[in-house]
Amino acid sequence: MASEEAVAEALALLAPPLHGMDVDHDETLHVAAEHNDVGGLWRAISEGGTDLDLDALDSQLQYTPAIHAAGNDCVESLVLLKDAGADLNKRGRNGMTCAFSSAVKGSVRALAVLIEAGVDVDAEYNDETALEWLGLPCETGSLHGSRLHGDRLVAAKMLVLAGAYVETGVIVHRPSRDLLHAWARSELVAAAAFHTFLMGLNRGMSAAHTPCPLGAVNLDGLPQRVASFLVRRTPAELRRLARAAWVWQDEADDEAYRAEFHAFPRQAYCIDVF
């Protein structure tokens, strides 16, 4: 097996030039991270010595190399920086963080790495968390336009499961909130149904004289195949989903009450508390 020194030397030799760009030596890390040039990034880290600052801000955007990697879903570069000791919570200009950059750009693979590393998913950029930004209406100005589609929707779900702040008012765009609310409820129902299914199997197999219909199914067949396709949520994730569903249901109930209240003609003696 090749030694670490041999692997490092081979990567350095194989590393292509950084896309022909003439960059400052101090920003080589940023360019390599942004383009997922793992070989170049490895070489820059290896040659940087003890004076190398893995969390330096570039001169143009004032982002760290890790922020560049996270925003472009450059997972290999992000993992290399993390393993080398980069601060994944380090803030860039206006408070930009790796978590915010990856979430709003739909870089879900990078976001998964960051969540696993325990980064702050509620760090604010321009006074907004990533979930707040994703929960705003899209730039088209459409009433029903939502930023939550494709990988951005996946990112929002990942943030909720990771414990992002979901209290009242975080997601101001009602269609976006309704979308996440329906998802959270479906996840909770699926988890409850799966638990009931397993309990039915257990009781059916343990009661020989009164078998449950589920217990008659071959344990080596269908149930295992079905279970393998179900996404299992951890207890912590289920608690976060339950909290989010409760908050969003409370907001929906409050909006419905307000709409019903204002539907009736206002009397002179009524006090408008809204």
# chains A, B, ... in the order shown; residues from 1 in each chain; ligands from 1
$ select_by_dssp --residues "segment 27-138 of chain A" --states "alpha helix (DSSP H)" --output "PyMOL selection string"
chain A and resi 28-34+38-48+65-71+75-84+98-104+108-117+130-134
$ closest_residue --among "A:Asp120, A:Val172, A:Lys157, A:Gly163" --to "Cys138 of chain A" --atoms "only C-alpha atoms"
A:Val172
$ closest_residue --among "A:Val104, A:Ala66, A:Val170, A:Leu88" --to "Gly118 of chain A" --atoms "only C-alpha atoms"
A:Leu88
$ residues_around --residues "Ala123 of chain A" --least-positions-apart "5" --cutoff "10 Å" --atoms "only C-alpha atoms" --output "PyMOL selection string"
chain A and resi 89+91+95-100+128-130+164
$ write_last_selection --atoms "C-alpha atoms" --output "mmCIF file, in the first residue's frame"
data_model
loop_
_atom_site.group_PDB
_atom_site.id
_atom_site.type_symbol
_atom_site.label_atom_id
_atom_site.label_comp_id
_atom_site.auth_asym_id
_atom_site.auth_seq_id
_atom_site.Cartn_x
_atom_site.Cartn_y
_atom_site.Cartn_z
ATOM 1 C CA ASN A 89 -18.755 27.935 10.755
ATOM 2 C CA ARG A 91 -18.393 33.739 8.416
ATOM 3 C CA GLY A 95 -22.300 36.837 7.696
ATOM 4 C CA MET A 96 -22.272 34.332 4.837
ATOM 5 C CA THR A 97 -21.648 30.776 6.042
ATOM 6 C CA CYS A 98 -21.134 27.380 4.470
ATOM 7 C CA ALA A 99 -24.567 26.234 5.648
ATOM 8 C CA PHE A 100 -26.390 29.240 4.200
ATOM 9 C CA GLU A 128 -31.922 35.866 7.562
ATOM 10 C CA THR A 129 -31.385 32.198 8.287
ATOM 11 C CA ALA A 130 -31.236 29.773 5.380
ATOM 12 C CA ALA A 164 -33.461 24.622 12.205
#
